[in-house]
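Shown next: entry-v1.pdb, containing PDB, C-alpha atoms.
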```pdb
MODEL        1
ATOM      1  CA  MET A 296      14.897  -9.995   0.839  1.00  0.00           C
ATOM      2  CA  LYS A 297      15.530  -6.873   2.923  1.00  0.00           C
ATOM      3  CA  GLU A 298      13.815  -4.675   0.321  1.00  0.00           C
ATOM      4  CA  THR A 299      10.775  -6.977   0.249  1.00  0.00           C
ATOM      5  CA  PHE A 300      10.489  -6.835   4.037  1.00  0.00           C
ATOM      6  CA  LYS A 301      10.665  -3.015   3.966  1.00  0.00           C
ATOM      7  CA  LEU A 302       7.946  -2.901   1.330  1.00  0.00           C
ATOM      8  CA  ILE A 303       5.657  -5.144   3.372  1.00  0.00           C
ATOM      9  CA  LEU A 304       6.453  -3.045   6.446  1.00  0.00           C
ATOM     10  CA  ALA A 305       5.452   0.132   4.570  1.00  0.00           C
ATOM     11  CA  PHE A 306       1.941  -1.273   4.210  1.00  0.00           C
ATOM     12  CA  ALA A 307       1.772  -2.730   7.748  1.00  0.00           C
ATOM     13  CA  PRO A 308      -1.027  -0.403   8.968  1.00  0.00           C
ATOM     14  CA  TRP A 309      -3.120  -1.182   5.897  1.00  0.00           C
ATOM     15  CA  LEU A 310      -2.440  -4.921   6.095  1.00  0.00           C
ATOM     16  CA  ALA A 311      -3.296  -4.954   9.804  1.00  0.00           C
ATOM     17  CA  PHE A 312      -6.511  -3.109   9.018  1.00  0.00           C
ATOM     18  CA  TRP A 313      -7.464  -5.619   6.293  1.00  0.00           C
ATOM     19  CA  PHE A 314      -6.608  -8.677   8.400  1.00  0.00           C
ATOM     20  CA  ILE A 315      -8.246  -7.549  11.646  1.00  0.00           C
ATOM     21  CA  SER A 316     -11.404  -5.886  10.353  1.00  0.00           C
ATOM     22  CA  GLY A 317     -14.250  -8.283   9.928  1.00  0.00           C
ATOM     23  CA  PRO A 318     -17.983  -8.633   9.990  1.00  0.00           C
ATOM     24  CA  SER A 319     -18.434  -7.142  13.472  1.00  0.00           C
ATOM     25  CA  MET A 320     -18.281  -3.494  14.495  1.00  0.00           C
ATOM     26  CA  LEU A 321     -15.921  -4.409  17.356  1.00  0.00           C
ATOM     27  CA  ARG A 322     -13.384  -5.944  14.965  1.00  0.00           C
ATOM     28  CA  LEU A 323     -13.629  -2.911  12.682  1.00  0.00           C
ATOM     29  CA  GLN A 324     -12.998  -0.553  15.610  1.00  0.00           C
ATOM     30  CA  ILE A 325     -10.038  -2.631  16.823  1.00  0.00           C
ATOM     31  CA  ALA A 326      -8.617  -2.664  13.284  1.00  0.00           C
ATOM     32  CA  ILE A 327      -8.829   1.126  13.045  1.00  0.00           C
ATOM     33  CA  PHE A 328      -7.132   1.632  16.427  1.00  0.00           C
ATOM     34  CA  VAL A 329      -4.357  -0.862  15.591  1.00  0.00           C
ATOM     35  CA  ALA A 330      -3.772   0.779  12.190  1.00  0.00           C
ATOM     36  CA  ILE A 331      -3.634   4.268  13.764  1.00  0.00           C
ATOM     37  CA  ALA A 332      -1.143   3.037  16.366  1.00  0.00           C
ATOM     38  CA  LEU A 333       1.010   1.472  13.637  1.00  0.00           C
ATOM     39  CA  VAL A 334       0.942   4.635  11.493  1.00  0.00           C
ATOM     40  CA  ILE A 335       2.045   6.754  14.460  1.00  0.00           C
ATOM     41  CA  VAL A 336       4.765   4.344  15.656  1.00  0.00           C
ATOM     42  CA  MET A 337       6.088   3.867  12.125  1.00  0.00           C
ATOM     43  CA  ALA A 338       6.154   7.632  11.518  1.00  0.00           C
ATOM     44  CA  ILE A 339       8.052   8.255  14.771  1.00  0.00           C
ATOM     45  CA  THR A 340      10.573   5.507  13.973  1.00  0.00           C
ATOM     46  CA  LYS A 341      10.797   6.723  10.335  1.00  0.00           C
ATOM     47  CA  LEU A 342       9.786   3.311   8.986  1.00  0.00           C
ATOM     48  CA  HIS A 343       6.881   4.973   7.224  1.00  0.00           C
ATOM     49  CA  ARG A 344       7.276   8.067   5.045  1.00  0.00           C
ATOM     50  CA  GLY A 345       6.045  10.044   2.094  1.00  0.00           C
ATOM     51  CA  VAL A 346       2.635   9.925   0.510  1.00  0.00           C
ATOM     52  CA  ILE A 347       1.757   6.492   1.923  1.00  0.00           C
ATOM     53  CA  LEU A 348       2.304   7.870   5.434  1.00  0.00           C
ATOM     54  CA  TRP A 349       0.054  10.857   4.701  1.00  0.00           C
ATOM     55  CA  ALA A 350      -2.559   8.628   3.077  1.00  0.00           C
ATOM     56  CA  GLY A 351      -2.543   6.543   6.260  1.00  0.00           C
ATOM     57  CA  TYR A 352      -2.978   9.632   8.436  1.00  0.00           C
ATOM     58  CA  ALA A 353      -5.852  10.877   6.275  1.00  0.00           C
ATOM     59  CA  PHE A 354      -7.681   7.575   5.878  1.00  0.00           C
ATOM     60  CA  PHE A 355      -7.421   6.359   9.457  1.00  0.00           C
ATOM     61  CA  ALA A 356      -8.291   9.804  10.885  1.00  0.00           C
ATOM     62  CA  PHE A 357     -11.321   9.791   8.570  1.00  0.00           C
ATOM     63  CA  ALA A 358     -12.210   6.271   9.764  1.00  0.00           C
ATOM     64  CA  LEU A 359     -11.755   7.283  13.398  1.00  0.00           C
ATOM     65  CA  ILE A 360     -14.173  10.187  12.975  1.00  0.00           C
ATOM     66  CA  PHE A 361     -16.783   8.626  10.678  1.00  0.00           C
ATOM     67  CA  VAL A 362     -16.730   5.018  11.888  1.00  0.00           C
ATOM     68  CA  ILE A 363     -15.888   5.129  15.581  1.00  0.00           C
ATOM     69  CA  TRP A 364     -17.163   8.546  16.632  1.00  0.00           C
ATOM     70  CA  LEU A 365     -20.091   9.251  14.255  1.00  0.00           C
ATOM     71  CA  LYS A 366     -20.890   5.612  13.392  1.00  0.00           C
ATOM     72  CA  ASN A 367     -21.790   6.675   9.850  1.00  0.00           C
ATOM     73  CA  MET A 368     -23.315   3.603   8.221  1.00  0.00           C
ATOM     74  CA  TRP A 369     -22.586   4.702   4.660  1.00  0.00           C
ATOM     75  CA  VAL A 370     -18.876   4.986   5.451  1.00  0.00           C
ATOM     76  CA  ILE A 371     -18.885   1.710   7.380  1.00  0.00           C
ATOM     77  CA  ARG A 372     -20.496  -0.112   4.430  1.00  0.00           C
ATOM     78  CA  HIS A 373     -18.098   1.433   1.902  1.00  0.00           C
ATOM     79  CA  LEU A 374     -14.856   1.276   3.916  1.00  0.00           C
ATOM     80  CA  ALA A 375     -13.622  -1.722   1.925  1.00  0.00           C
ATOM     81  CA  ILE A 376     -13.822   0.425  -1.230  1.00  0.00           C
ATOM     82  CA  LEU A 377     -12.443   3.573   0.395  1.00  0.00           C
ATOM     83  CA  ALA A 378      -9.269   1.952   1.812  1.00  0.00           C
ATOM     84  CA  PRO A 379      -7.691   0.767  -1.463  1.00  0.00           C
ATOM     85  CA  GLY A 380      -9.240   3.812  -3.162  1.00  0.00           C
ATOM     86  CA  THR A 381      -7.269   6.073  -0.825  1.00  0.00           C
ATOM     87  CA  LEU A 382      -4.069   4.181  -1.635  1.00  0.00           C
ATOM     88  CA  PHE A 383      -4.845   4.414  -5.368  1.00  0.00           C
ATOM     89  CA  VAL A 384      -5.355   8.185  -5.189  1.00  0.00           C
ATOM     90  CA  ALA A 385      -2.185   8.653  -3.100  1.00  0.00           C
ATOM     91  CA  ALA A 386      -0.059   6.498  -5.424  1.00  0.00           C
ATOM     92  CA  GLN A 387      -1.484   8.166  -8.528  1.00  0.00           C
ATOM     93  CA  LEU A 388      -0.937  11.664  -7.118  1.00  0.00           C
ATOM     94  CA  SER A 389       2.654  10.786  -6.254  1.00  0.00           C
ATOM     95  CA  VAL A 390       3.215   9.828  -9.904  1.00  0.00           C
ATOM     96  CA  LEU A 391       1.372  12.867 -11.290  1.00  0.00           C
ATOM     97  CA  PHE A 392       3.342  15.257  -9.071  1.00  0.00           C
ATOM     98  CA  GLY A 393       6.658  13.671 -10.070  1.00  0.00           C
ATOM     99  CA  ARG A 394       7.433  12.149  -6.644  1.00  0.00           C
ATOM    100  CA  PRO A 395       6.586   8.456  -7.043  1.00  0.00           C
ATOM    101  CA  PHE A 396       6.042   6.977  -3.594  1.00  0.00           C
ATOM    102  CA  THR A 397       8.283   3.946  -4.139  1.00  0.00           C
ATOM    103  CA  GLY A 398      11.222   6.333  -4.431  1.00  0.00           C
ATOM    104  CA  ASP A 399      10.816   7.220  -0.752  1.00  0.00           C
ATOM    105  CA  TYR A 400      11.607   3.603   0.132  1.00  0.00           C
ATOM    106  CA  ALA A 401      14.027   2.752  -2.688  1.00  0.00           C
ATOM    107  CA  ARG A 402      16.400   5.622  -1.863  1.00  0.00           C
ATOM    108  CA  GLU A 403      17.734   3.680   1.125  1.00  0.00           C
ATOM    109  CA  ASN A 404      18.872   0.782  -1.044  1.00  0.00           C
ATOM    110  CA  VAL A 405      20.720   2.474  -3.905  1.00  0.00           C
ATOM    111  CA  PRO A 406      24.021   4.348  -4.061  1.00  0.00           C
ATOM    112  CA  LYS A 407      23.644   8.123  -3.683  1.00  0.00           C
ATOM    113  CA  GLU A 408      25.224   8.792  -7.071  1.00  0.00           C
ATOM    114  CA  ILE A 409      22.306   7.205  -8.943  1.00  0.00           C
ATOM    115  CA  LEU A 410      19.420   8.804  -7.022  1.00  0.00           C
ATOM    116  CA  ASP A 411      18.954  11.430  -9.728  1.00  0.00           C
ATOM    117  CA  SER A 412      19.674   9.118 -12.662  1.00  0.00           C
ATOM    118  CA  ALA A 413      17.031   8.675 -15.349  1.00  0.00           C
ATOM    119  CA  ALA A 414      16.982   4.903 -14.788  1.00  0.00           C
ATOM    120  CA  PHE A 415      16.278   5.226 -11.048  1.00  0.00           C
ATOM    121  CA  VAL A 416      13.564   7.841 -11.532  1.00  0.00           C
ATOM    122  CA  ARG A 417      11.959   5.806 -14.343  1.00  0.00           C
ATOM    123  CA  GLY A 418      12.035   2.691 -12.139  1.00  0.00           C
ATOM    124  CA  CYS A 419      10.257   4.549  -9.338  1.00  0.00           C
ATOM    125  CA  PHE A 420       7.601   5.758 -11.784  1.00  0.00           C
ATOM    126  CA  ILE A 421       7.110   2.217 -13.119  1.00  0.00           C
ATOM    127  CA  THR A 422       6.806   0.569  -9.697  1.00  0.00           C
ATOM    128  CA  SER A 423       4.571   3.328  -8.295  1.00  0.00           C
ATOM    129  CA  SER A 424       2.298   3.105 -11.346  1.00  0.00           C
ATOM    130  CA  PHE A 425       2.160  -0.668 -10.976  1.00  0.00           C
ATOM    131  CA  TRP A 426       1.117  -0.302  -7.331  1.00  0.00           C
ATOM    132  CA  ALA A 427      -1.478   2.327  -8.272  1.00  0.00           C
ATOM    133  CA  SER A 428      -2.942  -0.229 -10.699  1.00  0.00           C
ATOM    134  CA  ILE A 429      -3.095  -2.848  -7.947  1.00  0.00           C
ATOM    135  CA  PHE A 430      -4.886  -0.438  -5.616  1.00  0.00           C
ATOM    136  CA  LEU A 431      -7.334   0.420  -8.399  1.00  0.00           C
ATOM    137  CA  VAL A 432      -8.045  -3.260  -9.083  1.00  0.00           C
ATOM    138  CA  ASN A 433      -8.607  -3.886  -5.367  1.00  0.00           C
ATOM    139  CA  SER A 434     -10.982  -0.912  -5.190  1.00  0.00           C
ATOM    140  CA  LEU A 435     -12.929  -2.225  -8.172  1.00  0.00           C
ATOM    141  CA  LEU A 436     -13.030  -5.722  -6.652  1.00  0.00           C
ATOM    142  CA  ASN A 437     -14.674  -4.224  -3.595  1.00  0.00           C
ATOM    143  CA  VAL A 438     -17.195  -2.358  -5.754  1.00  0.00           C
ATOM    144  CA  VAL A 439     -18.104  -5.680  -7.378  1.00  0.00           C
ATOM    145  CA  LYS A 440     -18.243  -7.389  -3.955  1.00  0.00           C
ATOM    146  CA  PHE A 441     -20.552  -4.651  -2.688  1.00  0.00           C
ATOM    147  CA  SER A 442     -22.824  -5.013  -5.724  1.00  0.00           C
ATOM    148  CA  TYR A 443     -22.897  -8.800  -6.202  1.00  0.00           C
ATOM    149  CA  HIS A 444     -23.680 -10.721  -3.036  1.00  0.00           C
ATOM    150  CA  ASP A 445     -24.028 -14.097  -4.756  1.00  0.00           C
ATOM    151  CA  ILE A 446     -20.232 -14.428  -5.199  1.00  0.00           C
ATOM    152  CA  PRO A 447     -18.553 -15.879  -2.085  1.00  0.00           C
ATOM    153  CA  GLU A 448     -16.670 -13.198  -0.144  1.00  0.00           C
ATOM    154  CA  TRP A 449     -13.584 -15.373   0.313  1.00  0.00           C
ATOM    155  CA  ARG A 450     -12.939 -15.185  -3.455  1.00  0.00           C
ATOM    156  CA  PHE A 451     -12.661 -11.418  -3.245  1.00  0.00           C
ATOM    157  CA  SER A 452     -10.367 -11.588  -0.214  1.00  0.00           C
ATOM    158  CA  VAL A 453      -8.072 -14.141  -1.831  1.00  0.00           C
ATOM    159  CA  THR A 454      -7.917 -12.064  -5.020  1.00  0.00           C
ATOM    160  CA  GLU A 455      -7.106  -8.870  -3.087  1.00  0.00           C
ATOM    161  CA  TYR A 456      -4.301 -10.542  -1.142  1.00  0.00           C
ATOM    162  CA  ALA A 457      -3.025 -12.136  -4.346  1.00  0.00           C
ATOM    163  CA  MET A 458      -2.868  -8.687  -5.959  1.00  0.00           C
ATOM    164  CA  ILE A 459      -0.773  -7.378  -3.054  1.00  0.00           C
ATOM    165  CA  LEU A 460       1.499 -10.420  -3.389  1.00  0.00           C
ATOM    166  CA  VAL A 461       1.851  -9.756  -7.131  1.00  0.00           C
ATOM    167  CA  GLY A 462       2.874  -6.175  -6.312  1.00  0.00           C
ATOM    168  CA  ILE A 463       5.505  -7.335  -3.836  1.00  0.00           C
ATOM    169  CA  ILE A 464       6.897  -9.921  -6.267  1.00  0.00           C
ATOM    170  CA  PHE A 465       6.935  -7.420  -9.144  1.00  0.00           C
ATOM    171  CA  THR A 466       8.691  -4.757  -7.067  1.00  0.00           C
ATOM    172  CA  ASN A 467      11.235  -7.254  -5.759  1.00  0.00           C
ATOM    173  CA  MET A 468      11.996  -8.628  -9.234  1.00  0.00           C
ATOM    174  CA  PHE A 469      12.157  -5.132 -10.732  1.00  0.00           C
ATOM    175  CA  SER A 470      14.586  -4.038  -8.023  1.00  0.00           C
ATOM    176  CA  LYS A 471      16.824  -7.083  -8.533  1.00  0.00           C
ATOM    177  CA  THR A 472      16.826  -6.629 -12.316  1.00  0.00           C
ATOM    178  CA  ALA A 473      17.685  -2.932 -11.988  1.00  0.00           C
ATOM    179  CA  LYS A 474      20.518  -3.754  -9.594  1.00  0.00           C
ATOM    180  CA  LYS A 475      21.930  -6.385 -11.967  1.00  0.00           C
ATOM    181  CA  LYS A 476      21.798  -3.914 -14.881  1.00  0.00           C
ATOM    182  CA  ARG A 477      23.506  -1.263 -12.783  1.00  0.00           C
ATOM    183  CA  MET A 478      26.235  -3.703 -11.722  1.00  0.00           C
ATOM    184  CA  ALA A 479      26.724  -4.890 -15.311  1.00  0.00           C
ATOM    185  CA  MET A 480      27.088  -1.283 -16.491  1.00  0.00           C
ATOM    186  CA  GLN A 481      29.695  -0.690 -13.806  1.00  0.00           C
ATOM    187  CA  GLY A 482      31.575  -3.767 -15.012  1.00  0.00           C
ATOM    188  CA  ALA A 483      31.202  -5.641 -11.733  1.00  0.00           C
ATOM    189  CA  ALA A 484      29.594  -8.987 -11.079  1.00  0.00           C
ATOM    190  CA  PRO A 485      26.052  -8.713  -9.643  1.00  0.00           C
ATOM    191  CA  GLN A 486      25.851  -9.158  -5.892  1.00  0.00           C
ATOM    192  CA  SER A 487      23.241 -11.289  -4.197  1.00  0.00           C
ATOM    193  CA  ASN A 488      20.427  -9.573  -2.260  1.00  0.00           C
ATOM    194  CA  THR A 489      20.320 -12.310   0.372  1.00  0.00           C
TER     195      THR A 489
ENDMDL
END
```

Will you turn the file into structure tokens for me?
Amino acid sequence: MKETFKLILAFAPWLAFWFISGPSMLRLQIAIFVAIALVIVMAITKLHRGVILWAGYAFFAFALIFVIWLKNMWVIRHLAILAPGTLFVAAQLSVLFGRPFTGDYARENVPKEILDSAAFVRGCFITSSFWASIFLVNSLLNVVKFSYHDIPEWRFSVTEYAMILVGIIFTNMFSKTAKKKRMAMQGAAPQSNT
């Protein structure tokens, strides 16, 4: 449960941005300011780290400049594609450069002696790749939403949130399974995460 909460917390600026932003320019501006505040507070308190932190800095600074200051209509219209697209690129780069972003968060919850183990590293690659796939799907959903106006918007929103929920459930189950395997290999009974 603790790991799931930390994972949701890692995406708090992005989730706040998605929930607050809406059809009006005022809501979009408020969402950007709230997300920037969350990124900064979470960085200072070390709740946010690694490539997802830097993706947040880059995206929300970009949004601040192009949406709030310059009021660039192309960016405003495409922001729903650019947000998950930024997360996809960040997650994919973390995998390609051998530093999967989920490892930055998982390191707190595993014993130090397994941080360099093949199983831990492989698990971080698997979960980071899974998240990259979710971000890609959400980006593509927004491309479809932008192109096909006859499909109700709520269907896209529900699907996007469902994809995030699938990612959280997958990561939580993967973490629990890995912990049980590790405990079984050590000859101890698995401990509960609650």

| task | Please provide the set of residues having any atom within 10 Å of A:Leu460, restricted to only C-alpha atoms, with same-chain residues fewer than 6 positions apart removed, written as a ChimeraX atom specification. | result | /A:303,429,454,466

Preceding selection exported with C-alpha atoms as a short mmCIF file (atom, residue, chain, number, x, y, z; two decimals), in the frame of the given file:
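selection-v5.cif, written as the output of this step:
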```cif
data_model
loop_
_atom_site.label_atom_id
_atom_site.label_comp_id
_atom_site.auth_asym_id
_atom_site.auth_seq_id
_atom_site.Cartn_x
_atom_site.Cartn_y
_atom_site.Cartn_z
CA ILE A 303 5.66 -5.14 3.37
CA ILE A 429 -3.10 -2.85 -7.95
CA THR A 454 -7.92 -12.06 -5.02
CA THR A 466 8.69 -4.76 -7.07
#
```

| query | Got a sec to resolve the PyMOL selection byres ((chain A and resi 387) around 12) on this structure and send the residues as an MDAnalysis selection string? | reply | chainID A and resid 346:347 350 379:386 388:397 420:431

| task | Pick out the closest residue to A:Lys440 from this set: A:Met368, A:Val405, A:Met320, A:Ala375. Count all atoms listed in the file. | result |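 Between A:Met368, A:Val405, A:Met320, A:Ala375, the residue approaching A:Lys440 most closely is A:Ala375.
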
| Result set, the PyMOL selection byres ((chain A and resi 317) around 12) on current file, as a list in words |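 For this structure, the PyMOL selection byres ((chain A and resi 317) around 12) resolves to Ala311, Phe312, Trp313, Phe314, Ile315, Ser316, Pro318, Ser319, Met320, Leu321, Arg322, Leu323, Gln324, Ile325, Ala326, Ile327, Ile371, Arg372, Leu374, Ala375, Glu448, Trp449 and Ser452 of chain A.
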
| request: Can you work out which one of A:Lys476, A:His373, A:Arg417, A:Arg402 has the shortest atom-to-atom distance to A:Ser434, counting only C-alpha atoms? | output: A:His373

| task | Could you check how far atom CA of A:Asn467 sits from atom CA of A:Cys419, in Å to one decimal? | result |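 These atoms are spaced 12.4 Å apart.
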
| Shortest interatomic distance to A:Ala457 - which of A:Ile335, A:Val439, A:Val432, A:Ala473, counting all atoms listed in the file |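 Among the listed residues, the smallest separation from A:Ala457 belongs to A:Val432.
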
Any idea what's packed within 12 Å of A:Ala356, counting only C-alpha atoms, ignoring anything in its chain fewer than 5 positions away? Could you give it as a CSV table (one decimal) with C-alpha atoms, in the coordinates of the input?
```csv
chain,number,residue,atom,x,y,z
A,327,ILE,CA,-8.8,1.1,13.0
A,328,PHE,CA,-7.1,1.6,16.4
A,330,ALA,CA,-3.8,0.8,12.2
A,331,ILE,CA,-3.6,4.3,13.8
A,332,ALA,CA,-1.1,3.0,16.4
A,334,VAL,CA,0.9,4.6,11.5
A,335,ILE,CA,2.0,6.8,14.5
A,349,TRP,CA,0.1,10.9,4.7
A,350,ALA,CA,-2.6,8.6,3.1
A,351,GLY,CA,-2.5,6.5,6.3
A,361,PHE,CA,-16.8,8.6,10.7
A,362,VAL,CA,-16.7,5.0,11.9
A,363,ILE,CA,-15.9,5.1,15.6
A,364,TRP,CA,-17.2,8.5,16.6
```

If you keep all heavy atoms, can you output stretch 409-419 of chain A as a CSV table (one decimal), in the first residue's frame?
```csv
chain,number,residue,atom,x,y,z
A,409,ILE,N,20.3,-5.9,-2.5
A,409,ILE,CA,19.8,-6.4,-3.8
A,409,ILE,C,19.7,-5.3,-4.9
A,409,ILE,O,19.2,-5.5,-6.0
A,409,ILE,CB,18.4,-7.1,-3.7
A,409,ILE,CG1,17.3,-6.1,-3.3
A,409,ILE,CG2,18.5,-8.3,-2.7
A,409,ILE,CD1,16.0,-6.6,-3.6
A,410,LEU,N,20.1,-4.1,-4.5
A,410,LEU,CA,19.9,-2.9,-5.5
A,410,LEU,C,20.6,-3.2,-6.8
A,410,LEU,O,20.2,-2.7,-7.8
A,410,LEU,CB,20.4,-1.7,-4.8
A,410,LEU,CG,19.6,-1.1,-3.7
A,410,LEU,CD1,20.2,0.2,-3.1
A,410,LEU,CD2,18.2,-0.8,-4.2
A,411,ASP,N,21.7,-3.9,-6.8
A,411,ASP,CA,22.5,-4.2,-8.0
A,411,ASP,C,22.2,-5.5,-8.6
A,411,ASP,O,22.9,-5.9,-9.5
A,411,ASP,CB,24.0,-4.0,-7.7
A,411,ASP,CG,24.4,-2.5,-7.4
A,411,ASP,OD1,23.7,-1.6,-8.0
A,411,ASP,OD2,25.2,-2.3,-6.6
A,412,SER,N,21.3,-6.3,-8.0
A,412,SER,CA,21.0,-7.6,-8.5
A,412,SER,C,20.3,-7.6,-9.8
A,412,SER,O,19.6,-6.6,-10.2
A,412,SER,CB,20.1,-8.4,-7.5
A,412,SER,OG,18.8,-7.9,-7.5
A,413,ALA,N,20.5,-8.6,-10.6
A,413,ALA,CA,19.9,-8.7,-11.9
A,413,ALA,C,18.4,-8.7,-11.9
A,413,ALA,O,17.7,-8.0,-12.7
A,413,ALA,CB,20.4,-10.0,-12.6
A,414,ALA,N,17.8,-9.3,-10.9
A,414,ALA,CA,16.4,-9.4,-10.7
A,414,ALA,C,15.8,-8.0,-10.5
A,414,ALA,O,14.8,-7.6,-11.0
A,414,ALA,CB,16.0,-10.3,-9.6
A,415,PHE,N,16.4,-7.2,-9.6
A,415,PHE,CA,16.0,-5.8,-9.3
A,415,PHE,C,16.1,-4.9,-10.5
A,415,PHE,O,15.1,-4.3,-10.9
A,415,PHE,CB,16.7,-5.2,-8.1
A,415,PHE,CG,16.3,-3.8,-7.8
A,415,PHE,CD1,15.1,-3.6,-7.1
A,415,PHE,CD2,17.1,-2.8,-8.2
A,415,PHE,CE1,14.8,-2.3,-6.9
A,415,PHE,CE2,16.7,-1.4,-7.9
A,415,PHE,CZ,15.5,-1.2,-7.3
A,416,VAL,N,17.2,-5.0,-11.2
A,416,VAL,CA,17.4,-4.1,-12.4
A,416,VAL,C,16.4,-4.5,-13.5
A,416,VAL,O,15.8,-3.7,-14.1
A,416,VAL,CB,18.9,-4.3,-12.9
A,416,VAL,CG1,19.1,-3.6,-14.2
A,416,VAL,CG2,19.8,-3.7,-11.8
A,417,ARG,N,16.2,-5.8,-13.7
A,417,ARG,CA,15.3,-6.3,-14.7
A,417,ARG,C,13.8,-5.8,-14.3
A,417,ARG,O,13.1,-5.4,-15.2
A,417,ARG,CB,15.3,-7.8,-14.8
A,417,ARG,CG,14.5,-8.4,-15.9
A,417,ARG,CD,14.6,-9.9,-16.1
A,417,ARG,NE,14.6,-10.7,-14.9
A,417,ARG,CZ,15.7,-11.2,-14.3
A,417,ARG,NH1,16.9,-11.1,-14.8
A,417,ARG,NH2,15.6,-11.9,-13.2
A,418,GLY,N,13.5,-5.9,-13.1
A,418,GLY,CA,12.2,-5.5,-12.6
A,418,GLY,C,11.9,-4.0,-12.9
A,418,GLY,O,10.9,-3.6,-13.3
A,419,CYS,N,13.0,-3.2,-12.7
A,419,CYS,CA,12.9,-1.8,-13.0
A,419,CYS,C,12.7,-1.5,-14.5
A,419,CYS,O,11.9,-0.6,-14.9
A,419,CYS,CB,14.1,-1.0,-12.4
A,419,CYS,SG,14.1,-1.0,-10.6
```
